[in-house]
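A.B. asks: Here it is, the structure, as structure tokens.
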Amino acid sequence: MKHLPNALTLANLFCGCCALLYTFYWQPEIAAFFTLGSFVFDYLDGMVARALKVSSPLGKELDSLADVISFGVVPGAMLFQLLVGAPSTSTVYGISLVNLMALPAFVLSAFSALRLAKFNLDTRQANYFIGLSTPGCTVFVLGLALTAHNNLFGLKELVENHWFLYALVGLFSWLLVSEIPMFGMKIKSFDWKNNRFNLAFLVLFVLLIIFLKALALSAIIVCYIVLSLVFRKNIIAS
């Protein structure tokens, strides 16, 4: 049983690899299901470790390595595909060309890795996050990818605009390593007092899904960031 948390972490990594594959095959909806799997397993490994009262340096390092793929490389790949805009068949001497203008998308992946490394060393983030979490960043990018794929509300052209995406890469790279306190979303107990924000956030998310569909994924992260900024003093005091 003591190895169960690590097994869940490896399941997170497996789902992340599958999400990456389907992202590069221009199938963001399937990638979304695997990303959801990564998110669930990432939540579960910590919960199970606390329930079994087991922890190890190996588990901590493995968790970060899995997250680098699932919540670092995957959102970078999604942004890369948005910047590319459409599958390219251009070749030179039989070699497929890479859209160099889309490569800045992976700056987000680099900052995600930096954020995870800082998180491992930061002892202040027991009850809340400092900076945007990598899963939160991934949810935002996934919402954009699905919105563009389905052209929700006619936003495909805006979402795939290079300058818009470059600005988002810069903004979210900064948010990942910023010193902004943000609400912790981990479930450590099953009482109302400790989970009232999580439950209220879930209700808000359901309402946004009804009205915004997949775009709700991006909208809920924007709400999360804004609420964290508004209640930053309460977060630190908690």
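A note on labels: chains of the structure tokens are A, B, ... as shown, every chain counts residues from 1, and ligands are counted from 1 in their shown order.
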Neighbours of Gln125 (chain A) within 12 Å (only C-alpha atoms; same-chain residues fewer than 4 positions away dropped), as a list in words?
C.D. replies: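 Within the cut-off, the hits are Leu116, Lys118, Phe119, Asn120, Leu121, Phe129, Ile130, Gly131, Leu132, Ser133, Glu179, Ile180, Pro181, Met182, Phe183, Gly184, Met185, Lys186, Ile235, Ile236 and Ser238 of chain A.
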A.B. asks: Please provide as number ranges by chain all residues within 10 Å of Phe24 (chain A), with the sequence filter that same-chain residues fewer than 3 positions apart are discarded (counting only C-alpha atoms).
C.D. replies: A: 19-21, 27-28, 31, 74, 77-78, 80-81, 87
A.B. asks: Show me, as a VMD selection string, the residues that have an atom within 12 Å of Leu114 (chain A) when counting only C-alpha atoms, minus same-chain residues fewer than 5 positions from it.
C.D. replies: chain A and resid 64 to 65 67 to 68 72 107 to 109 119 to 121 131 133 to 134 173 to 178
A.B. asks: Emit the selected residues as a compact mmCIF listing (two decimals), in the first residue's frame, including N, CA and C atoms.
C.D. replies:
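Output saved as selection-v1.txt:
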# COMPACT_ATOMS: atom_id res chain seq x y z
N SER A 64 7.02 15.88 -9.06
CA SER A 64 7.44 17.04 -9.86
C SER A 64 7.81 16.63 -11.28
N LEU A 65 8.47 15.48 -11.43
CA LEU A 65 8.85 15.03 -12.77
C LEU A 65 7.61 14.74 -13.61
N ASP A 67 4.64 16.12 -13.15
CA ASP A 67 3.97 17.40 -13.40
C ASP A 67 4.65 18.22 -14.50
N VAL A 68 5.96 18.08 -14.63
CA VAL A 68 6.67 18.80 -15.70
C VAL A 68 6.11 18.40 -17.06
N GLY A 72 3.39 21.00 -17.77
CA GLY A 72 4.43 21.89 -18.26
C GLY A 72 4.59 21.75 -19.77
N VAL A 107 8.32 28.46 -23.91
CA VAL A 107 8.80 29.29 -22.80
C VAL A 107 7.93 29.01 -21.57
N LEU A 108 6.63 28.79 -21.80
CA LEU A 108 5.73 28.46 -20.70
C LEU A 108 6.13 27.15 -20.04
N SER A 109 6.57 26.19 -20.83
CA SER A 109 7.02 24.90 -20.28
C SER A 109 8.25 25.09 -19.40
N PHE A 119 8.70 25.34 -5.97
CA PHE A 119 7.68 24.80 -5.06
C PHE A 119 8.28 23.74 -4.13
N ASN A 120 9.16 22.91 -4.67
CA ASN A 120 9.79 21.87 -3.86
C ASN A 120 10.65 22.43 -2.74
N LEU A 121 11.19 23.63 -2.95
CA LEU A 121 12.08 24.22 -1.98
C LEU A 121 11.39 25.24 -1.07
N GLY A 131 2.08 32.14 -6.34
CA GLY A 131 2.14 32.03 -7.78
C GLY A 131 1.10 31.04 -8.28
N SER A 133 -0.46 27.79 -9.86
CA SER A 133 -0.03 26.40 -9.94
C SER A 133 0.03 25.96 -11.39
N THR A 134 0.86 24.96 -11.68
CA THR A 134 0.96 24.46 -13.05
C THR A 134 -0.34 23.80 -13.53
N SER A 173 3.74 32.90 -17.75
CA SER A 173 5.09 32.53 -17.30
C SER A 173 5.44 33.32 -16.05
N TRP A 174 5.07 34.60 -16.05
CA TRP A 174 5.32 35.44 -14.87
C TRP A 174 4.45 35.00 -13.69
N LEU A 175 3.17 34.71 -13.95
CA LEU A 175 2.27 34.30 -12.87
C LEU A 175 2.76 33.02 -12.18
N LEU A 176 3.35 32.12 -12.95
CA LEU A 176 3.82 30.84 -12.38
C LEU A 176 4.90 31.06 -11.32
N VAL A 177 5.75 32.04 -11.51
CA VAL A 177 6.87 32.25 -10.58
C VAL A 177 6.72 33.53 -9.77
N SER A 178 5.52 34.12 -9.81
CA SER A 178 5.28 35.36 -9.07
C SER A 178 5.17 35.08 -7.57
A.B. asks: So which residues touch Pro135 (chain A) within 10 Å, counting only C-alpha atoms, skipping near sequence neighbours fewer than 6 positions away, as a PDB file with N, CA and C atoms, in the first residue's frame?
C.D. replies:
ATOM      1  N   THR A  35      -5.736  14.892 -20.051  1.00  0.00           N
ATOM      2  CA  THR A  35      -5.322  15.951 -19.125  1.00  0.00           C
ATOM      3  C   THR A  35      -6.180  15.906 -17.859  1.00  0.00           C
ATOM      4  N   LEU A  36      -7.468  15.641 -18.031  1.00  0.00           N
ATOM      5  CA  LEU A  36      -8.340  15.463 -16.866  1.00  0.00           C
ATOM      6  C   LEU A  36      -7.855  14.297 -16.013  1.00  0.00           C
ATOM      7  N   SER A  38      -4.750  13.250 -15.754  1.00  0.00           N
ATOM      8  CA  SER A  38      -3.556  13.730 -15.046  1.00  0.00           C
ATOM      9  C   SER A  38      -3.944  14.554 -13.833  1.00  0.00           C
ATOM     10  N   PHE A  39      -4.936  15.416 -14.010  1.00  0.00           N
ATOM     11  CA  PHE A  39      -5.397  16.278 -12.925  1.00  0.00           C
ATOM     12  C   PHE A  39      -5.940  15.445 -11.763  1.00  0.00           C
ATOM     13  N   ASP A  42      -3.124  13.507 -10.072  1.00  0.00           N
ATOM     14  CA  ASP A  42      -2.275  14.427  -9.313  1.00  0.00           C
ATOM     15  C   ASP A  42      -2.921  14.794  -7.985  1.00  0.00           C
ATOM     16  N   ASP A  67       4.639  16.123 -13.154  1.00  0.00           N
ATOM     17  CA  ASP A  67       3.967  17.401 -13.402  1.00  0.00           C
ATOM     18  C   ASP A  67       4.654  18.215 -14.496  1.00  0.00           C
ATOM     19  N   SER A  70       2.941  16.627 -17.587  1.00  0.00           N
ATOM     20  CA  SER A  70       1.491  16.793 -17.648  1.00  0.00           C
ATOM     21  C   SER A  70       1.052  18.246 -17.608  1.00  0.00           C
ATOM     22  N   PHE A  71       1.765  19.063 -16.816  1.00  0.00           N
ATOM     23  CA  PHE A  71       1.333  20.448 -16.624  1.00  0.00           C
ATOM     24  C   PHE A  71       2.402  21.460 -17.019  1.00  0.00           C
ATOM     25  N   GLY A  72       3.395  20.998 -17.766  1.00  0.00           N
ATOM     26  CA  GLY A  72       4.434  21.888 -18.262  1.00  0.00           C
ATOM     27  C   GLY A  72       4.593  21.753 -19.766  1.00  0.00           C
ATOM     28  N   PRO A  75       0.772  21.917 -21.811  1.00  0.00           N
ATOM     29  CA  PRO A  75       0.241  23.243 -22.184  1.00  0.00           C
ATOM     30  C   PRO A  75       1.124  23.982 -23.186  1.00  0.00           C
ATOM     31  N   SER A 112       7.208  26.626 -16.194  1.00  0.00           N
ATOM     32  CA  SER A 112       6.486  25.623 -15.404  1.00  0.00           C
ATOM     33  C   SER A 112       7.469  24.759 -14.629  1.00  0.00           C
ATOM     34  N   VAL A 141      -4.983  27.040 -20.517  1.00  0.00           N
ATOM     35  CA  VAL A 141      -4.541  26.807 -21.908  1.00  0.00           C
ATOM     36  C   VAL A 141      -5.448  25.800 -22.600  1.00  0.00           C
TER      37      VAL A 141
END
A.B. asks: Which one of A:Thr123, A:Ser55, A:Ser218, A:Thr23 sits closest to Phe205 (chain A) if you count only C-alpha atoms?
C.D. replies: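 Among A:Thr123, A:Ser55, A:Ser218, A:Thr23, it is A:Ser218 that comes nearest to Phe205 (chain A).
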A.B. asks: Interatomic distance between CA of Thr9 (chain A) and CA of Ser56 (chain A)?
C.D. replies: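 CA of Ser56 (chain A) lies at a distance of 13.0 Å from CA of Thr9 (chain A).
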A.B. asks: Run DSSP on the backbone of this structure and report the residues of region 71-189 of chain A it assigns to helix (DSSP H, G or I), as a ChimeraX atom specification.
C.D. replies: /A:71-84,100-121,134-150,152-154,156-159,162-177
A.B. asks: Determine the nearest neighbour of Gly59 (chain A) from the options A:Gly85, A:Pro5, A:Gly170, A:Pro104, counting only C-alpha atoms.
C.D. replies: A:Pro5
A.B. asks: Work out how far CA of Gly76 (chain A) is from CA of Lys60 (chain A), in Å to one decimal.
C.D. replies: 23.1 Å
A.B. asks: Among region 57-169 of chain A, which ones does DSSP assign to strand (DSSP E or B) (computed from the backbone)? Answer as a VMD selection string.
C.D. replies: chain A and resid 91 to 92 95 to 96 128 to 130
A.B. asks: Keeping C-alpha atoms, export the residues of the selection given above as a compact mmCIF listing (two decimals), in the first residue's frame.
C.D. replies:
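Now in part.txt:
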# COMPACT_ATOMS: atom_id res chain seq x y z
CA THR A 91 8.99 20.05 -46.33
CA VAL A 92 12.54 20.76 -47.46
CA ILE A 95 12.19 17.01 -43.84
CA SER A 96 9.06 18.56 -42.30
CA TYR A 128 -1.87 28.20 -0.09
CA PHE A 129 0.06 28.65 -3.31
CA ILE A 130 2.53 31.40 -4.10
A.B. asks: For Leu146 (chain A), which residue among A:Leu52, A:Met47, A:Val159, A:Ala7 is the nearest when counting only C-alpha atoms?
C.D. replies: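 Among A:Leu52, A:Met47, A:Val159, A:Ala7, it is A:Val159 that comes nearest to Leu146 (chain A).
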A.B. asks: Using only C-alpha atoms for the distances, tell me which of A:Leu44, A:Leu142, A:Ala110, A:Leu215 is nearest to Gly154 (chain A).
C.D. replies: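 Ranking A:Leu44, A:Leu142, A:Ala110, A:Leu215 by distance to Gly154 (chain A), first place goes to A:Leu215.
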A.B. asks: Pick from A:Met1, A:Leu13, A:Val48, A:Leu155: nearest to Ala214 (chain A), with only C-alpha atoms counted?
C.D. replies: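 Smallest separation from Ala214 (chain A) among the options: A:Leu155.
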